[in-house]
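> Please see the structure below; I have some questions.
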Amino acid sequence: MNDAANTDSPAVTWTADLPTTVGLVRTLHDLDDCWTLADVERLVGARPDWKIRRAFTDLLVVGLQAELRWPAGAELFLGSTEPKADSYRRAWVPLLQFRLPTPEEERRGALRALSEALREVGEPTAVPTAADGFGLRWRSAGRTMLLQANDRRAWIAIQPHLREVRHVSPELPAAVAAFVPLLHDAPGGHLAVEHVRRAVEELPGAKAEFGDSWADVRCSDPSFTPSFAQRGSALRGAPAGTFDVLDLHRFDLGPTSMEHRRAVFGEIFGAVRAVLGEPTVFGGGPDGPDVRWREAGEDGRLLRLRCEGRRVRLETEAAAAFEEGEHSTFEWGGPSGGADGPSDFPLLPYSWQLHLPHQAPGALADHLPGGRLALSVPHLREGLECLFAAWIEQLPVQRPGEKAMFTIAAPQINGGLSVTYSTVKGVLLRVGPRPGDQAEVAAAMTADGWEPSGRRFKAEWRTPTEETAREVAALIATELTARGISGDSGFGLGPGSVTARRPGIGLSPQLAGHGFLRVTGLGLETS
């Protein structure tokens, strides 16, 4: 799935000719669920042209053609939830490859031809906010199939529906399937009231009360009350009689545990992803998870699923204006008291974002802000605490089975201080011994919280809790200070500076390179 780099190659490459493409999509449309390895092997065995070509730790690749048109021909990719799993959480089939840059007329012409041909398969719904206006959605009882695109390719994505929930109302998946596509597909992100009325009428057991710029939906489960609202106004360009917010869950009053918040958001994210497909950007920060579907184009909109305070909500934003505001926060913000005052890491819009170009629809912003650099070790400690708190709560449900990693590099740390958070195995830090008498070094490092591990030292938190982020950040800060590192050492690039090398998220360091990870809240320059 590499992008074509040769400028002599066609601007648009079809993985199969159009009639073959339509036939393959029709076959996928008519299949029953194929979410276990046994299902896939049975399907392949019944089709002479199909063949399991490659198997990775989190990916199974099935060739769909005996006679190849593109270098690999049409292929079905099935993604798993954890290494060596025998079940899959998503599937996709690349159909078009775009050479960068592709002239807009050629790109749109290919997408138009593909979309018009695929309209003959089943009864799809047009999705004007996807694939440059040519998106399609097919829904069945057990899954959603989508035609999506970004600047590199167009593909068919297949998402299984959420079958069971334990931490939210059992009526939530049906409500998500009824309401979320409406907000996603609404032109400009403004959902008309009449569309909500119609959806409520068609949802079994649902009734709604409408007011001025709001609507409360009542379901059979009295504890489940999704609601629509309009945050904007005519001054912000929001048309009257429209909504731009959908609240999907409210937490009970009183304290909530990290585990409960994580479980609730995970089930809601699963239900939303089942009808919208994979997001453009995974991520989050000090205020909670912030997953985004971003429409391409200058006038595109942003759909955000986030956990805000005591509620989980979907909201739309004008992408360019909203991202410009975030960019300004990173560019012009910073600690008001300098190195001696508190940092502003807890105030950043997000601490991390992950973009996976092979499955992410839409487009990223043209200009992405850099991260906040720490001015002192105490600042770095605050940044690390915010980042690890976000990862521990957010990664297990956004990227289950995977791990985030980076290495803190400095002249004072021979071999670097490696940092890994695995959603399966917890947090692991590794570092070499400090200079000096090794018996004294071992005693001092052990007293700080390290334990010997061969020629190095390690610290582990196998079952992270809400205190783990603070403890990890404190140990790293203590170690840096013990090695003579301070804000004067420099947390940017340059000789003698402290940096973060090879940050990534994936099932393995090799697979981590397939994504674009930004750790804007780390506090260190990355390289």
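How things are named: the first chain in the structure tokens is A, the next is B, and so on; residues count from 1 in each chain; ligands count from 1 in the order shown.
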Mind checking which residues fall within 12 Å of A:Arg470, counting only C-alpha atoms, ignoring those fewer than 5 positions away in the same chain, and posting them as a ChimeraX atom specification?

/A:380-390,392,461,464-465,475-477

> Applying 10 Å and only C-alpha atoms, which residues near A:Glu209 remain after dropping the ones on its own chain fewer than 6 positions away? List them as number ranges by chain.

A: 197, 215-218, 227

> For the selection you just gave me, I'd like the residues written to a file as a tab-separated table (two decimals), in the first residue's frame, keeping all heavy atoms.


chain	number	residue	atom	x	y	z
A	197	ARG	N	-36.41	15.15	13.93
A	197	ARG	CA	-37.79	14.72	14.17
A	197	ARG	C	-38.07	13.40	13.45
A	197	ARG	O	-38.66	12.48	14.02
A	197	ARG	CB	-38.77	15.79	13.67
A	197	ARG	CG	-38.80	17.07	14.46
A	197	ARG	CD	-39.89	18.00	13.95
A	197	ARG	NE	-39.84	19.30	14.56
A	197	ARG	CZ	-40.41	19.62	15.72
A	197	ARG	NH1	-41.09	18.68	16.37
A	197	ARG	NH2	-40.31	20.84	16.19
A	215	ALA	N	-33.12	19.82	21.80
A	215	ALA	CA	-34.08	18.71	21.70
A	215	ALA	C	-33.64	17.61	22.65
A	215	ALA	O	-32.49	17.18	22.59
A	215	ALA	CB	-34.18	18.19	20.28
A	216	ASP	N	-34.53	17.18	23.52
A	216	ASP	CA	-34.26	16.08	24.44
A	216	ASP	C	-35.00	14.84	23.97
A	216	ASP	O	-36.22	14.89	23.74
A	216	ASP	CB	-34.70	16.42	25.86
A	216	ASP	CG	-33.82	17.49	26.50
A	216	ASP	OD1	-32.68	17.66	26.03
A	216	ASP	OD2	-34.28	18.15	27.45
A	217	VAL	N	-34.28	13.74	23.81
A	217	VAL	CA	-34.87	12.49	23.34
A	217	VAL	C	-35.10	11.57	24.53
A	217	VAL	O	-34.19	11.37	25.36
A	217	VAL	CB	-33.95	11.81	22.30
A	217	VAL	CG1	-34.59	10.52	21.80
A	217	VAL	CG2	-33.68	12.75	21.14
A	218	ARG	N	-36.30	11.02	24.64
A	218	ARG	CA	-36.63	10.07	25.70
A	218	ARG	C	-36.75	8.68	25.08
A	218	ARG	O	-37.49	8.49	24.10
A	218	ARG	CB	-37.95	10.45	26.38
A	218	ARG	CG	-37.97	11.87	26.90
A	218	ARG	CD	-36.98	12.10	28.02
A	218	ARG	NE	-36.99	13.48	28.48
A	218	ARG	CZ	-36.16	13.96	29.39
A	218	ARG	NH1	-35.25	13.16	29.91
A	218	ARG	NH2	-36.23	15.23	29.75
A	227	SER	N	-29.42	14.10	23.76
A	227	SER	CA	-29.98	15.43	23.50
A	227	SER	C	-29.17	16.15	22.44
A	227	SER	O	-27.97	15.94	22.30
A	227	SER	CB	-30.02	16.26	24.79
A	227	SER	OG	-28.71	16.46	25.30

> Measuring atom to atom with only C-alpha atoms, identify which of A:His161, A:Lys425, A:His195, A:Arg301 is nearest to A:Val176.

A:His161

> Excluding A:Cys307 and residues on its chain fewer than 3 positions from it, collect all residues at most 8 Å away from it, counting only C-alpha atoms, and give them as a ChimeraX atom specification.

/A:265,287-290,310-313

> With a distance cut-off of 12 Å and only C-alpha atoms, select the neighbouring residues of A:Glu123, excluding the residue or stretch itself and same-chain residues fewer than 4 positions from it, and output the selection as an mmCIF file with N, CA and C atoms, in the first residue's frame.


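Resulting contents of out_39.cif:
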data_model
loop_
_atom_site.group_PDB
_atom_site.id
_atom_site.type_symbol
_atom_site.label_atom_id
_atom_site.label_comp_id
_atom_site.auth_asym_id
_atom_site.auth_seq_id
_atom_site.Cartn_x
_atom_site.Cartn_y
_atom_site.Cartn_z
ATOM 1 N N ARG A 26 -19.581 -5.846 -4.643
ATOM 2 C CA ARG A 26 -20.852 -6.561 -4.516
ATOM 3 C C ARG A 26 -20.671 -7.852 -3.707
ATOM 4 N N HIS A 29 -20.362 -6.856 -0.140
ATOM 5 C CA HIS A 29 -21.663 -6.399 0.345
ATOM 6 C C HIS A 29 -22.568 -7.571 0.703
ATOM 7 N N ASP A 30 -22.492 -8.643 -0.072
ATOM 8 C CA ASP A 30 -23.396 -9.775 0.122
ATOM 9 C C ASP A 30 -22.892 -10.794 1.140
ATOM 10 N N LEU A 118 -20.572 2.274 -7.977
ATOM 11 C CA LEU A 118 -20.895 1.511 -6.771
ATOM 12 C C LEU A 118 -22.311 1.775 -6.277
ATOM 13 N N ARG A 119 -22.959 2.792 -6.793
ATOM 14 C CA ARG A 119 -24.363 3.026 -6.422
ATOM 15 C C ARG A 119 -25.267 1.894 -6.910
ATOM 16 N N LEU A 136 -20.200 7.006 0.148
ATOM 17 C CA LEU A 136 -21.382 6.140 0.196
ATOM 18 C C LEU A 136 -21.369 5.356 1.502
ATOM 19 N N ARG A 137 -22.572 4.963 1.935
ATOM 20 C CA ARG A 137 -22.696 4.147 3.155
ATOM 21 C C ARG A 137 -23.755 3.074 2.914
ATOM 22 N N TRP A 138 -23.376 1.810 3.190
ATOM 23 C CA TRP A 138 -24.317 0.687 3.167
ATOM 24 C C TRP A 138 -24.461 0.188 4.601
ATOM 25 N N ARG A 139 -25.680 -0.011 5.057
ATOM 26 C CA ARG A 139 -25.898 -0.501 6.419
ATOM 27 C C ARG A 139 -26.709 -1.782 6.389
ATOM 28 N N SER A 140 -26.292 -2.727 7.230
ATOM 29 C CA SER A 140 -27.041 -3.962 7.422
ATOM 30 C C SER A 140 -27.179 -4.189 8.919
ATOM 31 N N MET A 145 -20.787 -0.604 5.751
ATOM 32 C CA MET A 145 -19.771 -0.572 4.704
ATOM 33 C C MET A 145 -19.746 0.840 4.131
#

> Determine which residues of stretch 254-291 of chain A DSSP labels as strand (DSSP E) from the backbone of this structure, then write them out as a ChimeraX atom specification.

/A:282-285,288-291

> Nearest to A:Gly297: which of A:Leu37, A:Leu246, A:Leu375, A:Leu364 is it, counting only C-alpha atoms?

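Ranking A:Leu37, A:Leu246, A:Leu375, A:Leu364 by distance to A:Gly297, first place goes to A:Leu364.
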
> Taking the DSSP secondary structure from the backbone, can you list the residues of stretch 125-314 of chain A that are alpha helix (DSSP H), as a short mmCIF file (atom, residue, chain, number, x, y, z; two decimals) with C-alpha atoms, in the first residue's frame?


data_model
loop_
_atom_site.label_atom_id
_atom_site.label_comp_id
_atom_site.auth_asym_id
_atom_site.auth_seq_id
_atom_site.Cartn_x
_atom_site.Cartn_y
_atom_site.Cartn_z
CA LEU A 172 -27.29 3.50 22.96
CA PRO A 173 -26.05 1.56 19.86
CA ALA A 174 -29.43 1.93 18.11
CA ALA A 175 -29.59 5.63 18.97
CA VAL A 176 -26.04 6.14 17.71
CA ALA A 177 -26.90 4.38 14.45
CA ALA A 178 -29.96 6.62 14.03
CA PHE A 179 -28.53 10.00 15.04
CA VAL A 180 -24.75 10.06 14.53
CA PRO A 181 -24.73 9.70 10.71
CA LEU A 182 -27.15 12.63 10.53
CA LEU A 183 -24.73 14.95 12.33
CA HIS A 184 -21.75 13.57 10.39
CA ASP A 185 -23.46 14.02 7.01
CA VAL A 193 -34.42 19.99 13.18
CA GLU A 194 -36.76 18.20 10.77
CA HIS A 195 -34.16 15.48 10.19
CA VAL A 196 -33.99 14.86 13.93
CA ARG A 197 -37.79 14.72 14.17
CA ARG A 198 -37.91 12.11 11.42
CA ALA A 199 -35.14 10.01 13.02
CA VAL A 200 -36.89 10.06 16.41
CA GLU A 201 -40.15 8.95 14.81
CA GLU A 202 -38.37 6.00 13.19
CA MET A 258 -10.75 6.31 35.45
CA GLU A 259 -11.79 2.74 34.70
CA HIS A 260 -15.48 3.71 34.49
CA ARG A 261 -14.83 6.76 32.30
CA ARG A 262 -12.61 4.66 30.03
CA ALA A 263 -15.17 1.85 29.72
CA VAL A 264 -18.04 4.24 28.97
CA PHE A 265 -16.12 6.18 26.34
CA GLY A 266 -14.83 2.95 24.81
CA GLU A 267 -18.32 1.56 24.23
CA ILE A 268 -19.59 4.86 22.82
CA PHE A 269 -16.55 5.15 20.56
CA GLY A 270 -17.14 1.59 19.38
CA ALA A 271 -20.76 2.38 18.52
CA VAL A 272 -19.82 5.59 16.69
CA ARG A 273 -16.95 3.99 14.79
CA ALA A 274 -19.30 1.20 13.71
CA VAL A 275 -21.37 3.68 11.68
CA LEU A 276 -18.73 6.27 10.68
#

> Determine, counting only C-alpha atoms, which protein, DNA and RNA residues have an atom within 8 Å of an atom of A:Gly300; residues of the same chain fewer than 3 positions away are not included. Present the result as a list of chain:residue names.

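My list of contacting residues is A:Gly188, A:Arg294, A:Glu295, A:Ala296, A:Gly297, A:Ala318, A:Ala319, A:Ala320.
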
> Mind giving me the straight-line distance from atom CA of A:Leu373 to atom CA of A:Leu305 in Å, one decimal?

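These atoms are spaced 27.3 Å apart.
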
> Any idea what's packed within 8 Å of A:Gln412, counting only C-alpha atoms, ignoring anything in its chain fewer than 6 positions away? Could you give it as a PDB file with N, CA, C and O atoms, in the first residue's frame?


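Saved result, result_27.pdb, follows:
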ATOM      1  N   ARG A 483      21.067  13.068  37.243  1.00  0.00           N
ATOM      2  CA  ARG A 483      22.133  13.056  36.235  1.00  0.00           C
ATOM      3  C   ARG A 483      22.559  14.460  35.830  1.00  0.00           C
ATOM      4  O   ARG A 483      23.277  14.655  34.836  1.00  0.00           O
ATOM      5  N   GLY A 484      22.095  15.452  36.578  1.00  0.00           N
ATOM      6  CA  GLY A 484      22.521  16.823  36.335  1.00  0.00           C
ATOM      7  C   GLY A 484      21.793  17.530  35.223  1.00  0.00           C
ATOM      8  O   GLY A 484      22.280  18.542  34.702  1.00  0.00           O
ATOM      9  N   ILE A 485      20.629  17.031  34.841  1.00  0.00           N
ATOM     10  CA  ILE A 485      19.867  17.643  33.758  1.00  0.00           C
ATOM     11  C   ILE A 485      18.884  18.650  34.349  1.00  0.00           C
ATOM     12  O   ILE A 485      18.170  18.360  35.309  1.00  0.00           O
TER      13      ILE A 485
END

> Counting only C-alpha atoms, figure out which residue out of A:Asp488, A:Asp244, A:Glu308, A:Glu479 gets nearest to A:Ser213.

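Among the listed residues, A:Asp244 lies closest to A:Ser213.
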
> Quick one: everything within 12 Å of A:Glu323, counting only C-alpha atoms, minus sequence neighbours fewer than 3 positions away in the same chain. Send it as a PyMOL selection string.

chain A and resi 292+294+298+300-302+317-320+326-331+349-350+364-369

> For N, CA and C atoms, I'd like the residues from the last selection saved as a JSON list (two decimals), in the first residue's frame.


[["chain", "number", "residue", "atom", "x", "y", "z"],
["A", 292, "ARG", "N", -11.40, 12.55, 16.22],
["A", 292, "ARG", "CA", -11.89, 13.49, 15.22],
["A", 292, "ARG", "C", -12.05, 12.84, 13.85],
["A", 294, "ARG", "N", -12.42, 14.39, 10.14],
["A", 294, "ARG", "CA", -12.22, 15.71, 9.53],
["A", 294, "ARG", "C", -12.52, 15.65, 8.04],
["A", 298, "GLU", "N", -11.13, 23.35, 2.04],
["A", 298, "GLU", "CA", -11.00, 24.59, 2.79],
["A", 298, "GLU", "C", -12.21, 24.86, 3.67],
["A", 300, "GLY", "N", -14.16, 22.51, 4.98],
["A", 300, "GLY", "CA", -14.52, 21.27, 5.65],
["A", 300, "GLY", "C", -14.87, 21.49, 7.11],
["A", 301, "ARG", "N", -15.58, 20.53, 7.66],
["A", 301, "ARG", "CA", -15.94, 20.62, 9.08],
["A", 301, "ARG", "C", -15.28, 19.49, 9.85],
["A", 302, "LEU", "N", -15.24, 19.66, 11.15],
["A", 302, "LEU", "CA", -14.62, 18.72, 12.07],
["A", 302, "LEU", "C", -15.71, 18.15, 12.96],
["A", 317, "GLU", "N", -17.45, 21.42, 14.27],
["A", 317, "GLU", "CA", -16.75, 22.70, 14.23],
["A", 317, "GLU", "C", -16.36, 22.99, 12.78],
["A", 318, "ALA", "N", -16.25, 24.27, 12.45],
["A", 318, "ALA", "CA", -15.62, 24.65, 11.18],
["A", 318, "ALA", "C", -14.14, 24.36, 11.33],
["A", 319, "ALA", "N", -13.63, 23.41, 10.56],
["A", 319, "ALA", "CA", -12.29, 22.87, 10.80],
["A", 319, "ALA", "C", -11.22, 23.95, 10.80],
["A", 320, "ALA", "N", -11.19, 24.78, 9.77],
["A", 320, "ALA", "CA", -10.09, 25.74, 9.62],
["A", 320, "ALA", "C", -10.06, 26.73, 10.79],
["A", 326, "GLU", "N", -6.61, 26.49, 17.94],
["A", 326, "GLU", "CA", -5.71, 25.57, 18.63],
["A", 326, "GLU", "C", -4.25, 25.90, 18.32],
["A", 327, "HIS", "N", -3.98, 26.22, 17.05],
["A", 327, "HIS", "CA", -2.62, 26.57, 16.65],
["A", 327, "HIS", "C", -2.14, 27.79, 17.43],
["A", 328, "SER", "N", -3.00, 28.77, 17.63],
["A", 328, "SER", "CA", -2.62, 29.97, 18.38],
["A", 328, "SER", "C", -2.30, 29.64, 19.83],
["A", 329, "THR", "N", -3.05, 28.69, 20.42],
["A", 329, "THR", "CA", -2.78, 28.29, 21.80],
["A", 329, "THR", "C", -1.37, 27.72, 21.93],
["A", 330, "PHE", "N", -1.00, 26.85, 21.00],
["A", 330, "PHE", "CA", 0.35, 26.29, 21.04],
["A", 330, "PHE", "C", 1.41, 27.33, 20.70],
["A", 331, "GLU", "N", 1.10, 28.18, 19.72],
["A", 331, "GLU", "CA", 2.10, 29.13, 19.22],
["A", 331, "GLU", "C", 2.37, 30.26, 20.20],
["A", 349, "PRO", "N", -4.81, 22.08, 24.25],
["A", 349, "PRO", "CA", -5.99, 21.45, 23.63],
["A", 349, "PRO", "C", -5.89, 19.94, 23.56],
["A", 350, "TYR", "N", -4.69, 19.41, 23.34],
["A", 350, "TYR", "CA", -4.49, 17.96, 23.33],
["A", 350, "TYR", "C", -3.03, 17.67, 23.62],
["A", 364, "LEU", "N", -5.83, 16.01, 7.19],
["A", 364, "LEU", "CA", -5.32, 16.77, 8.32],
["A", 364, "LEU", "C", -5.31, 18.26, 7.97],
["A", 365, "ALA", "N", -5.13, 19.08, 9.00],
["A", 365, "ALA", "CA", -4.97, 20.51, 8.76],
["A", 365, "ALA", "C", -3.71, 20.75, 7.94],
["A", 366, "ASP", "N", -3.72, 21.83, 7.16],
["A", 366, "ASP", "CA", -2.55, 22.16, 6.35],
["A", 366, "ASP", "C", -1.34, 22.51, 7.22],
["A", 367, "HIS", "N", -1.59, 23.13, 8.37],
["A", 367, "HIS", "CA", -0.50, 23.53, 9.26],
["A", 367, "HIS", "C", -0.79, 22.99, 10.66],
["A", 368, "LEU", "N", 0.09, 22.15, 11.16],
["A", 368, "LEU", "CA", -0.09, 21.54, 12.48],
["A", 368, "LEU", "C", 0.84, 22.23, 13.49],
["A", 369, "PRO", "N", 0.34, 22.53, 14.68],
["A", 369, "PRO", "CA", 1.19, 23.20, 15.66],
["A", 369, "PRO", "C", 2.26, 22.27, 16.19]]

> Between A:Gly142, A:Ser80, A:His355, A:Glu315, single out the one closest to A:Phe228, counting only C-alpha atoms.

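Closest to A:Phe228 of all the choices is A:Glu315.
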
> So how far away is atom CA of A:Gly338 from atom CA of A:Pro378, in Å?

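Answer for the atom CA of A:Pro378 to atom CA of A:Gly338 separation: 11.7 Å.
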